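Below is protein_26.txt, holding compact mmCIF, C-alpha atoms and all ligand atoms.
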# COMPACT_ATOMS: atom_id res chain seq x y z
CA MET A 117 -60.20 -51.27 -27.78
CA SER A 118 -60.19 -54.58 -25.99
CA SER A 119 -58.44 -54.78 -22.68
CA THR A 120 -56.83 -57.89 -24.14
CA SER A 121 -54.85 -55.69 -26.46
CA ASP A 122 -55.05 -52.39 -24.65
CA PRO A 123 -55.32 -53.24 -21.02
CA ALA A 124 -54.57 -49.64 -20.08
CA SER A 125 -58.11 -48.82 -21.21
CA PRO A 126 -61.16 -50.57 -19.76
CA ALA A 127 -63.31 -49.55 -22.76
CA PHE A 128 -64.19 -51.85 -25.63
CA THR A 129 -65.02 -49.62 -28.56
CA PRO A 130 -67.25 -50.75 -31.42
CA GLN A 131 -64.42 -49.72 -33.79
CA TRP A 132 -61.93 -52.07 -32.13
CA LEU A 133 -64.45 -54.93 -31.99
CA ALA A 134 -65.28 -54.38 -35.69
CA MET A 135 -61.61 -54.30 -36.62
CA ARG A 136 -60.95 -57.69 -35.02
CA GLU A 137 -64.16 -59.44 -36.11
CA LYS A 138 -62.85 -60.97 -39.38
CA ALA A 139 -59.62 -62.22 -37.77
CA ASP A 140 -61.68 -63.63 -34.89
CA ALA A 141 -64.07 -65.38 -37.28
CA ASP A 142 -61.15 -66.91 -39.19
CA ALA A 143 -59.54 -68.04 -35.91
CA ARG A 144 -62.53 -69.64 -34.17
CA ALA A 145 -62.19 -73.42 -33.75
CA THR A 146 -64.85 -75.14 -35.88
CA ALA A 147 -63.75 -78.52 -34.40
CA LEU A 148 -65.79 -77.77 -31.26
CA LEU A 149 -69.04 -77.34 -33.19
CA ASP A 150 -69.81 -81.03 -33.72
CA PRO A 151 -69.54 -81.96 -30.01
CA LEU A 152 -71.74 -78.94 -29.28
CA ARG A 153 -74.32 -80.07 -31.87
CA VAL A 154 -74.36 -83.57 -30.30
CA HIS A 155 -74.99 -82.01 -26.86
CA LEU A 156 -77.83 -79.87 -28.24
CA SER A 157 -79.46 -82.71 -30.11
CA ALA A 158 -79.27 -85.00 -27.03
CA ARG A 159 -81.26 -82.32 -25.17
CA GLY A 160 -83.84 -82.17 -27.96
CA ALA A 161 -82.74 -78.66 -29.00
CA GLY A 162 -82.17 -77.63 -32.61
CA ALA A 163 -83.45 -78.86 -35.98
CA GLY A 164 -86.55 -81.07 -35.49
CA GLY A 165 -86.67 -80.19 -31.79
CA ARG A 166 -87.32 -77.18 -29.62
CA PRO A 167 -85.46 -73.87 -30.07
CA ILE A 168 -81.84 -73.76 -28.88
CA ARG A 169 -81.44 -71.37 -25.97
CA VAL A 170 -78.10 -69.54 -25.83
CA ALA A 171 -76.70 -67.04 -23.29
CA ASP A 172 -73.87 -64.93 -24.76
CA LEU A 173 -71.89 -63.39 -21.88
CA GLY A 174 -69.92 -60.19 -22.53
CA CYS A 175 -71.44 -60.13 -26.02
CA GLY A 176 -69.87 -56.78 -26.96
CA SER A 177 -71.22 -55.80 -30.40
CA GLY A 178 -72.34 -59.41 -30.96
CA SER A 179 -69.62 -61.04 -33.07
CA GLN A 180 -70.06 -64.44 -31.39
CA GLY A 181 -73.75 -64.52 -32.34
CA ARG A 182 -73.00 -63.44 -35.90
CA TRP A 183 -70.54 -66.33 -36.16
CA LEU A 184 -72.33 -69.08 -34.22
CA ALA A 185 -76.06 -68.61 -34.95
CA PRO A 186 -75.72 -69.35 -38.71
CA ARG A 187 -73.66 -72.47 -37.92
CA LEU A 188 -76.37 -74.16 -35.85
CA SER A 189 -79.59 -75.54 -37.33
CA GLY A 190 -83.02 -75.00 -35.83
CA ALA A 191 -84.77 -72.08 -34.17
CA GLN A 192 -82.69 -70.19 -31.60
CA SER A 193 -83.39 -67.87 -28.74
CA TRP A 194 -80.39 -65.82 -27.56
CA THR A 195 -79.97 -63.75 -24.43
CA LEU A 196 -77.14 -61.24 -24.86
CA TYR A 197 -75.42 -60.03 -21.69
CA ASP A 198 -73.09 -57.06 -21.36
CA LEU A 199 -72.48 -54.13 -19.05
CA ASP A 200 -72.22 -51.64 -21.92
CA PRO A 201 -75.67 -50.52 -23.13
CA CYS A 202 -74.37 -49.15 -26.47
CA LEU A 203 -72.66 -52.44 -27.33
CA LEU A 204 -75.78 -54.35 -26.28
CA ASP A 205 -77.92 -52.25 -28.65
CA LEU A 206 -75.49 -52.90 -31.49
CA ALA A 207 -75.42 -56.63 -30.76
CA GLY A 208 -79.22 -56.87 -30.69
CA ALA A 209 -79.65 -54.86 -33.89
CA ARG A 210 -77.07 -56.92 -35.78
CA MET A 211 -78.04 -60.39 -34.56
CA PRO A 212 -78.69 -62.79 -37.48
CA ARG A 213 -82.43 -63.40 -37.98
CA THR A 214 -82.09 -66.93 -39.36
CA SER A 215 -80.11 -70.06 -38.46
CA ALA A 216 -78.25 -72.55 -40.71
CA ASP A 217 -81.51 -74.10 -41.93
CA GLY A 218 -83.45 -70.83 -42.21
CA SER A 219 -85.26 -71.19 -38.86
CA THR A 220 -85.94 -68.09 -36.80
CA VAL A 221 -83.31 -66.61 -34.49
CA ASN A 222 -84.40 -64.08 -31.90
CA ALA A 223 -82.44 -62.18 -29.28
CA ARG A 224 -83.11 -60.20 -26.15
CA MET A 225 -80.60 -57.95 -24.45
CA CYS A 226 -79.75 -57.97 -20.77
CA ARG A 227 -77.54 -55.37 -19.06
CA GLN A 228 -76.09 -57.40 -16.21
CA ASP A 229 -72.74 -58.15 -14.64
CA LEU A 230 -71.90 -61.72 -15.51
CA GLY A 231 -70.32 -62.10 -12.06
CA GLU A 232 -73.86 -61.92 -10.67
CA LEU A 233 -75.31 -64.61 -12.92
CA THR A 234 -77.10 -67.35 -11.01
CA ILE A 235 -78.31 -70.83 -11.81
CA GLY A 236 -81.77 -69.25 -12.04
CA ASP A 237 -80.60 -66.86 -14.80
CA LEU A 238 -79.38 -69.88 -16.79
CA ASP A 239 -82.47 -71.99 -16.19
CA GLY A 240 -83.45 -73.64 -19.52
CA ILE A 241 -80.29 -72.45 -21.30
CA ASP A 242 -78.63 -75.08 -23.54
CA VAL A 243 -75.30 -73.34 -24.04
CA VAL A 244 -73.53 -70.44 -22.38
CA THR A 245 -71.02 -68.75 -24.59
CA GLY A 246 -68.44 -65.99 -24.24
CA SER A 247 -65.85 -64.73 -26.68
CA ALA A 248 -62.63 -62.88 -25.80
CA LEU A 249 -63.90 -62.85 -22.24
CA LEU A 250 -62.30 -65.43 -19.93
CA ASP A 251 -58.92 -63.67 -19.69
CA LEU A 252 -60.72 -60.54 -18.38
CA LEU A 253 -62.12 -62.43 -15.38
CA ASP A 254 -60.62 -63.40 -12.06
CA ARG A 255 -60.68 -66.92 -10.62
CA HIS A 256 -63.61 -66.15 -8.34
CA LYS A 257 -65.80 -65.05 -11.31
CA VAL A 258 -64.84 -68.14 -13.33
CA GLU A 259 -65.69 -70.39 -10.40
CA SER A 260 -69.08 -68.79 -9.83
CA LEU A 261 -69.82 -68.89 -13.56
CA ALA A 262 -68.84 -72.56 -13.78
CA ARG A 263 -71.06 -73.38 -10.78
CA ALA A 264 -73.99 -71.65 -12.48
CA VAL A 265 -73.33 -73.52 -15.75
CA VAL A 266 -73.06 -76.88 -13.98
CA GLY A 267 -76.16 -76.13 -11.87
CA ALA A 268 -78.10 -75.33 -15.04
CA ASP A 269 -76.68 -78.47 -16.71
CA CYS A 270 -75.85 -76.60 -19.92
CA ALA A 271 -72.74 -76.54 -22.12
CA ALA A 272 -70.22 -73.67 -22.08
CA LEU A 273 -68.31 -72.50 -25.15
CA PHE A 274 -65.63 -69.91 -24.37
CA THR A 275 -63.74 -68.79 -27.47
CA LEU A 276 -60.67 -66.68 -28.19
CA SER A 277 -59.06 -66.60 -24.75
CA VAL A 278 -55.48 -65.35 -24.94
CA THR A 279 -52.72 -67.79 -24.00
CA GLY A 280 -49.95 -65.20 -23.64
CA ARG A 281 -47.93 -66.71 -26.49
CA VAL A 282 -47.10 -64.27 -29.26
CA GLU A 283 -44.67 -64.50 -32.17
CA LEU A 284 -43.73 -61.59 -34.37
CA PHE A 285 -42.12 -61.97 -37.81
CA PRO A 286 -39.36 -60.90 -38.21
CA THR A 287 -38.38 -61.58 -34.61
CA ASP A 288 -36.71 -58.96 -32.40
CA PRO A 289 -34.50 -59.62 -29.35
CA ALA A 290 -36.90 -57.50 -27.24
CA ASP A 291 -40.01 -59.55 -28.10
CA PRO A 292 -39.76 -62.11 -25.24
CA VAL A 293 -39.23 -59.45 -22.55
CA ILE A 294 -42.13 -57.38 -23.86
CA THR A 295 -44.30 -60.52 -23.94
CA THR A 296 -43.51 -61.21 -20.28
CA ALA A 297 -44.28 -57.62 -19.26
CA PHE A 298 -47.56 -57.70 -21.24
CA ASN A 299 -48.61 -61.00 -19.65
CA ASP A 300 -47.83 -59.67 -16.17
CA HIS A 301 -50.01 -56.66 -16.99
CA GLN A 302 -52.84 -58.99 -18.00
CA ARG A 303 -52.63 -60.62 -14.57
CA ARG A 304 -52.99 -57.33 -12.68
CA ARG A 305 -55.51 -57.16 -9.84
CA GLY A 306 -55.90 -60.95 -9.91
CA LEU A 307 -57.26 -61.14 -13.47
CA LEU A 308 -56.52 -64.46 -15.16
CA GLY A 309 -55.02 -63.10 -18.39
CA PRO A 310 -52.96 -65.89 -19.98
CA ASP A 311 -53.90 -68.33 -17.18
CA ALA A 312 -57.60 -68.20 -18.10
CA VAL A 313 -57.81 -71.45 -20.03
CA PRO A 314 -55.87 -73.75 -17.68
CA VAL A 315 -57.77 -72.32 -14.69
CA THR A 316 -61.17 -72.71 -16.39
CA VAL A 317 -60.34 -76.28 -17.49
CA GLU A 318 -59.36 -77.15 -13.92
CA VAL A 319 -62.49 -75.54 -12.45
CA PHE A 320 -64.88 -77.41 -14.78
CA GLN A 321 -63.04 -80.72 -14.38
CA THR A 322 -63.17 -80.39 -10.60
CA LEU A 323 -66.94 -80.03 -10.96
CA GLY A 324 -66.94 -83.29 -12.93
CA TRP A 325 -67.27 -81.88 -16.42
CA ARG A 326 -65.58 -82.86 -19.67
CA VAL A 327 -63.55 -80.10 -21.31
CA LEU A 328 -62.32 -79.92 -24.90
CA THR A 329 -59.87 -77.25 -26.04
CA PHE A 330 -58.66 -76.26 -29.46
CA PRO A 331 -56.22 -73.57 -30.69
CA SER A 332 -57.73 -70.47 -32.30
CA PRO A 333 -54.77 -68.23 -33.20
CA TRP A 334 -54.81 -64.94 -35.04
CA ARG A 335 -52.42 -65.27 -37.99
CA LEU A 336 -51.83 -61.65 -38.88
CA CYS A 337 -50.24 -61.09 -42.32
CA PRO A 338 -49.53 -57.81 -44.11
CA GLU A 339 -53.19 -57.77 -45.30
CA HIS A 340 -54.22 -57.33 -41.65
CA SER A 341 -51.95 -54.32 -41.14
CA ALA A 342 -54.69 -52.10 -39.58
CA LEU A 343 -55.48 -54.74 -36.95
CA THR A 344 -51.81 -55.59 -36.43
CA ARG A 345 -51.02 -51.90 -35.84
CA GLU A 346 -53.77 -51.45 -33.25
CA TRP A 347 -52.94 -54.72 -31.52
CA LEU A 348 -49.21 -53.85 -31.48
CA ARG A 349 -49.89 -50.39 -30.02
CA GLY A 350 -51.94 -51.85 -27.18
CA TRP A 351 -49.43 -54.66 -26.56
CA VAL A 352 -46.50 -52.25 -26.29
CA GLU A 353 -48.45 -49.70 -24.21
CA ALA A 354 -49.45 -52.34 -21.65
CA ALA A 355 -45.90 -53.72 -21.46
CA THR A 356 -44.54 -50.19 -20.97
CA GLU A 357 -47.04 -49.51 -18.21
CA GLN A 358 -46.06 -52.75 -16.49
CA ASP A 359 -42.29 -52.53 -16.95
CA PRO A 360 -40.97 -49.45 -18.81
CA ALA A 361 -37.52 -51.03 -19.13
CA SER A 362 -38.94 -53.93 -21.16
CA VAL A 363 -39.48 -51.79 -24.27
CA PRO A 364 -36.37 -50.38 -26.01
CA PRO A 365 -36.89 -46.69 -26.93
CA ASP A 366 -36.81 -47.30 -30.70
CA TYR A 367 -38.96 -50.46 -30.62
CA PRO A 368 -42.47 -48.95 -31.07
CA GLU A 369 -41.56 -46.77 -34.06
CA ARG A 370 -39.47 -49.50 -35.70
CA ARG A 371 -42.23 -52.10 -35.39
CA LEU A 372 -44.99 -49.68 -36.49
CA ASN A 373 -42.91 -48.75 -39.55
CA GLN A 374 -42.54 -52.44 -40.40
CA CYS A 375 -46.30 -52.71 -40.08
CA GLU A 376 -46.87 -49.74 -42.45
CA THR A 377 -44.57 -51.23 -45.09
CA GLY A 378 -46.18 -54.68 -44.85
CA GLU A 379 -43.06 -56.31 -43.40
CA LEU A 380 -44.55 -57.35 -40.06
CA GLY A 381 -46.51 -60.51 -39.32
CA ALA A 382 -47.81 -61.74 -35.96
CA HIS A 383 -49.10 -64.99 -34.57
CA VAL A 384 -51.24 -64.29 -31.49
CA GLU A 385 -52.34 -67.48 -29.78
CA HIS A 386 -55.82 -68.05 -28.36
CA THR A 387 -57.65 -71.15 -27.19
CA ASP A 388 -61.32 -72.11 -27.59
CA LEU A 389 -62.86 -74.24 -24.86
CA LEU A 390 -66.03 -76.34 -24.73
CA ALA A 391 -67.21 -77.70 -21.36
CA LEU A 392 -69.87 -80.43 -21.41
CA PRO A 393 -71.70 -82.52 -18.81
CA ALA A 394 -69.74 -85.76 -18.34
CA SER A 395 -72.75 -87.81 -19.39
C1 LIG B 401 -63.11 -58.13 -25.41
S1 LIG B 401 -64.80 -57.71 -25.41
C2 LIG B 401 -65.45 -59.06 -26.36
C3 LIG B 401 -66.78 -58.76 -26.98
C4 LIG B 401 -67.36 -59.87 -27.83
N1 LIG B 401 -67.65 -61.05 -27.04
C5 LIG B 401 -66.45 -60.20 -28.99
O1 LIG B 401 -65.90 -61.31 -29.03
O2 LIG B 401 -66.28 -59.33 -29.85
C6 LIG B 401 -65.33 -58.10 -23.76
C7 LIG B 401 -66.78 -57.74 -23.49
O3 LIG B 401 -67.12 -58.23 -22.19
C8 LIG B 401 -67.88 -57.24 -21.51
N2 LIG B 401 -67.67 -57.47 -20.09
C9 LIG B 401 -66.48 -57.45 -19.41
N3 LIG B 401 -66.69 -57.73 -18.11
C10 LIG B 401 -68.03 -57.94 -17.95
C11 LIG B 401 -68.85 -58.27 -16.86
N4 LIG B 401 -68.32 -58.43 -15.64
N5 LIG B 401 -70.18 -58.41 -17.07
C12 LIG B 401 -70.71 -58.25 -18.30
N6 LIG B 401 -69.99 -57.94 -19.39
C13 LIG B 401 -68.65 -57.78 -19.23
C14 LIG B 401 -67.33 -55.92 -22.02
O4 LIG B 401 -68.25 -54.86 -21.86
C15 LIG B 401 -67.05 -56.25 -23.49
O5 LIG B 401 -68.15 -55.97 -24.30

Output the structure of this file as structure tokens.
Ligand SMILES: C[S@@+](CC[C@H](N)C(=O)[O-])C[C@H]1O[C@@H](n2cnc3c(N)ncnc32)[C@H](O)[C@@H]1O
Amino acid sequence: MSSTSDPASPAFTPQWLAMREKADADARATALLDPLRVHLSARGAGAGGRPIRVADLGCGSGSQGRWLAPRLSGAQSWTLYDLDPCLLDLAGARMPRTSADGSTVNARMCRQDLGELTIGDLDGIDVVTGSALLDLLDRHKVESLARAVVGADCAALFTLSVTGRVELFPTDPADPVITTAFNDHQRRRGLLGPDAVPVTVEVFQTLGWRVLTFPSPWRLCPEHSALTREWLRGWVEAATEQDPASVPPDYPERRLNQCETGELGAHVEHTDLLALPAS
């Protein structure tokens, strides 16, 4: 379970990451790919040039690599970072072997806290990426990460950061109060939660970088009922932990029943962000 949807639990299980992978892939903002390709080509990386070097931070079971590697042409060399050795093994084993034009993709795994990443770790990297990650960090970690990215003069693509905006269909009078309690829970212990994107934009712009953002919402219909159910459970649990009075006693069962009968839809907003050297 992701702490984005079940912040009560720090664990990110392979089952939860697998359950969300298709909705994530459908949500990711393809509009940021062309500016990224221009950046890579200007550095001589990609088709007709040298291999693209990518660092995937908080790679989990590797869904970002499975999505991005086949969308970029040319040979690629990925370094996958995570704290969880089991997820790292999964990510390495399931990394695509070829890129968009059939060139070789290779990956190495690195068990390291991304808060300790230095400019030296990113030396030679063309793009740092992280998916469903920024909202789990605090401002200090984002600042040190941005300094390392800027020092290494590479791009940064951070996808699927939660914005805190959620709409359920049909609506319920309790939804806004639960949303507020959930968002407050996401901000516990100084974590950025729904403030992740505006803070990261500000940090990169202060360092003189250009930042592009694009919406990447989950649009959960009845066909996504398994994912909607798990997401809803985590959302309500976190809100309850934060502010028990925010969740009416009959709300969880009523909403889960609507989910079972295919009557519940949800729009969960995320934002994708690409930071590029100003030049
Ligand atoms: C919500 S999961 C996202 C996984 C994957 N990027 C995806 O989109 O499916 C967050 C991942 O970040 C990792 N993570 C969280 N904090 C970290 C840190 N400080 N250093 C390294 N990895 C971290 C977790 O272990 C987890 O695998």

query = Expressed in Å to a single decimal, how great is the separation between CA of Val282 (chain A) and CA of Thr295 (chain A)?
reply = 7.1 Å

For ligand LIG 401 (chain B), return the neighbouring residues as a compact mmCIF listing (two decimals) with C-alpha atoms, in the coordinates of the input (distance at most 8 Å; only C-alpha atoms and all ligand atoms).
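part12.txt was written with the following content:
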# COMPACT_ATOMS: atom_id res chain seq x y z
CA MET A 117 -60.20 -51.27 -27.78
CA SER A 118 -60.19 -54.58 -25.99
CA SER A 119 -58.44 -54.78 -22.68
CA THR A 120 -56.83 -57.89 -24.14
CA ALA A 127 -63.31 -49.55 -22.76
CA PHE A 128 -64.19 -51.85 -25.63
CA LEU A 133 -64.45 -54.93 -31.99
CA ALA A 134 -65.28 -54.38 -35.69
CA ARG A 136 -60.95 -57.69 -35.02
CA GLU A 137 -64.16 -59.44 -36.11
CA ASP A 140 -61.68 -63.63 -34.89
CA ASP A 172 -73.87 -64.93 -24.76
CA LEU A 173 -71.89 -63.39 -21.88
CA GLY A 174 -69.92 -60.19 -22.53
CA CYS A 175 -71.44 -60.13 -26.02
CA GLY A 176 -69.87 -56.78 -26.96
CA SER A 177 -71.22 -55.80 -30.40
CA GLY A 178 -72.34 -59.41 -30.96
CA SER A 179 -69.62 -61.04 -33.07
CA GLN A 180 -70.06 -64.44 -31.39
CA TYR A 197 -75.42 -60.03 -21.69
CA ASP A 198 -73.09 -57.06 -21.36
CA LEU A 199 -72.48 -54.13 -19.05
CA ASP A 200 -72.22 -51.64 -21.92
CA LEU A 203 -72.66 -52.44 -27.33
CA ARG A 227 -77.54 -55.37 -19.06
CA GLN A 228 -76.09 -57.40 -16.21
CA ASP A 229 -72.74 -58.15 -14.64
CA LEU A 230 -71.90 -61.72 -15.51
CA GLY A 231 -70.32 -62.10 -12.06
CA GLY A 246 -68.44 -65.99 -24.24
CA SER A 247 -65.85 -64.73 -26.68
CA ALA A 248 -62.63 -62.88 -25.80
CA LEU A 249 -63.90 -62.85 -22.24
CA LEU A 252 -60.72 -60.54 -18.38
CA LEU A 253 -62.12 -62.43 -15.38
CA THR A 275 -63.74 -68.79 -27.47
CA LEU A 276 -60.67 -66.68 -28.19

query = When you draw a straight line from CA of Asn222 (chain A) to CA of Ala191 (chain A), how long is it in Å?
reply =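 These two atoms are separated by 8.3 Å.
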
key: Nearest-residue call for Arg144 (chain A), choices A:Leu184, A:Leu307, A:Leu238, A:Ala272, using all atoms listed in the file   =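 The answer is A:Leu184, which sits nearest to Arg144 (chain A).
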
query = With all atoms listed in the file as the basis for distance, which of A:Leu336, A:Glu259, A:Leu152, A:Pro393 is at the shortest distance from Glu318 (chain A)?
reply =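 Counting all atoms listed in the file, the residue closest to Glu318 (chain A) is A:Glu259.
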
key: Residue with smallest distance to Thr387 (chain A) - pool A:Met225, A:Val319, A:Leu348, A:Leu273, counting only C-alpha atoms   =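 Of A:Met225, A:Val319, A:Leu348, A:Leu273, the one nearest Thr387 (chain A), counting only C-alpha atoms, is A:Leu273.
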
query = Looking at A:Arg169, A:His256, A:Arg281, A:His155, which one is nearest to Val293 (chain A), with distances taken over only C-alpha atoms?
reply =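 The closest residue to Val293 (chain A) is A:Arg281.
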
inquiry  = I'd like to know which of A:Glu357, A:Ile235, A:Leu206, A:Asp366 is closest to Gln131 (chain A), using all atoms listed in the file.
reply    = A:Leu206

task = Go ahead and compute the interatomic distance for CA of Arg304 (chain A) and CA of Ala354 (chain A), in Å to one decimal.
result =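 The value is 10.9 Å.
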
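For the choices A:Gly240, A:Gly378, A:Gly165, A:Pro130, the atom-to-atom distance to His340 (chain A) is smallest for A:Gly378 when using all atoms listed in the file.
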
Expected answer as a compact mmCIF listing (two decimals) with C-alpha atoms, in the coordinates of the input: all residues with atoms within 6 Å of (-70.6, -79.7, -17.8), all atoms listed in the file:
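Just written: part.txt:
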# COMPACT_ATOMS: atom_id res chain seq x y z
CA VAL A 266 -73.06 -76.88 -13.98
CA ALA A 271 -72.74 -76.54 -22.12
CA TRP A 325 -67.27 -81.88 -16.42
CA ALA A 391 -67.21 -77.70 -21.36
CA LEU A 392 -69.87 -80.43 -21.41
CA PRO A 393 -71.70 -82.52 -18.81
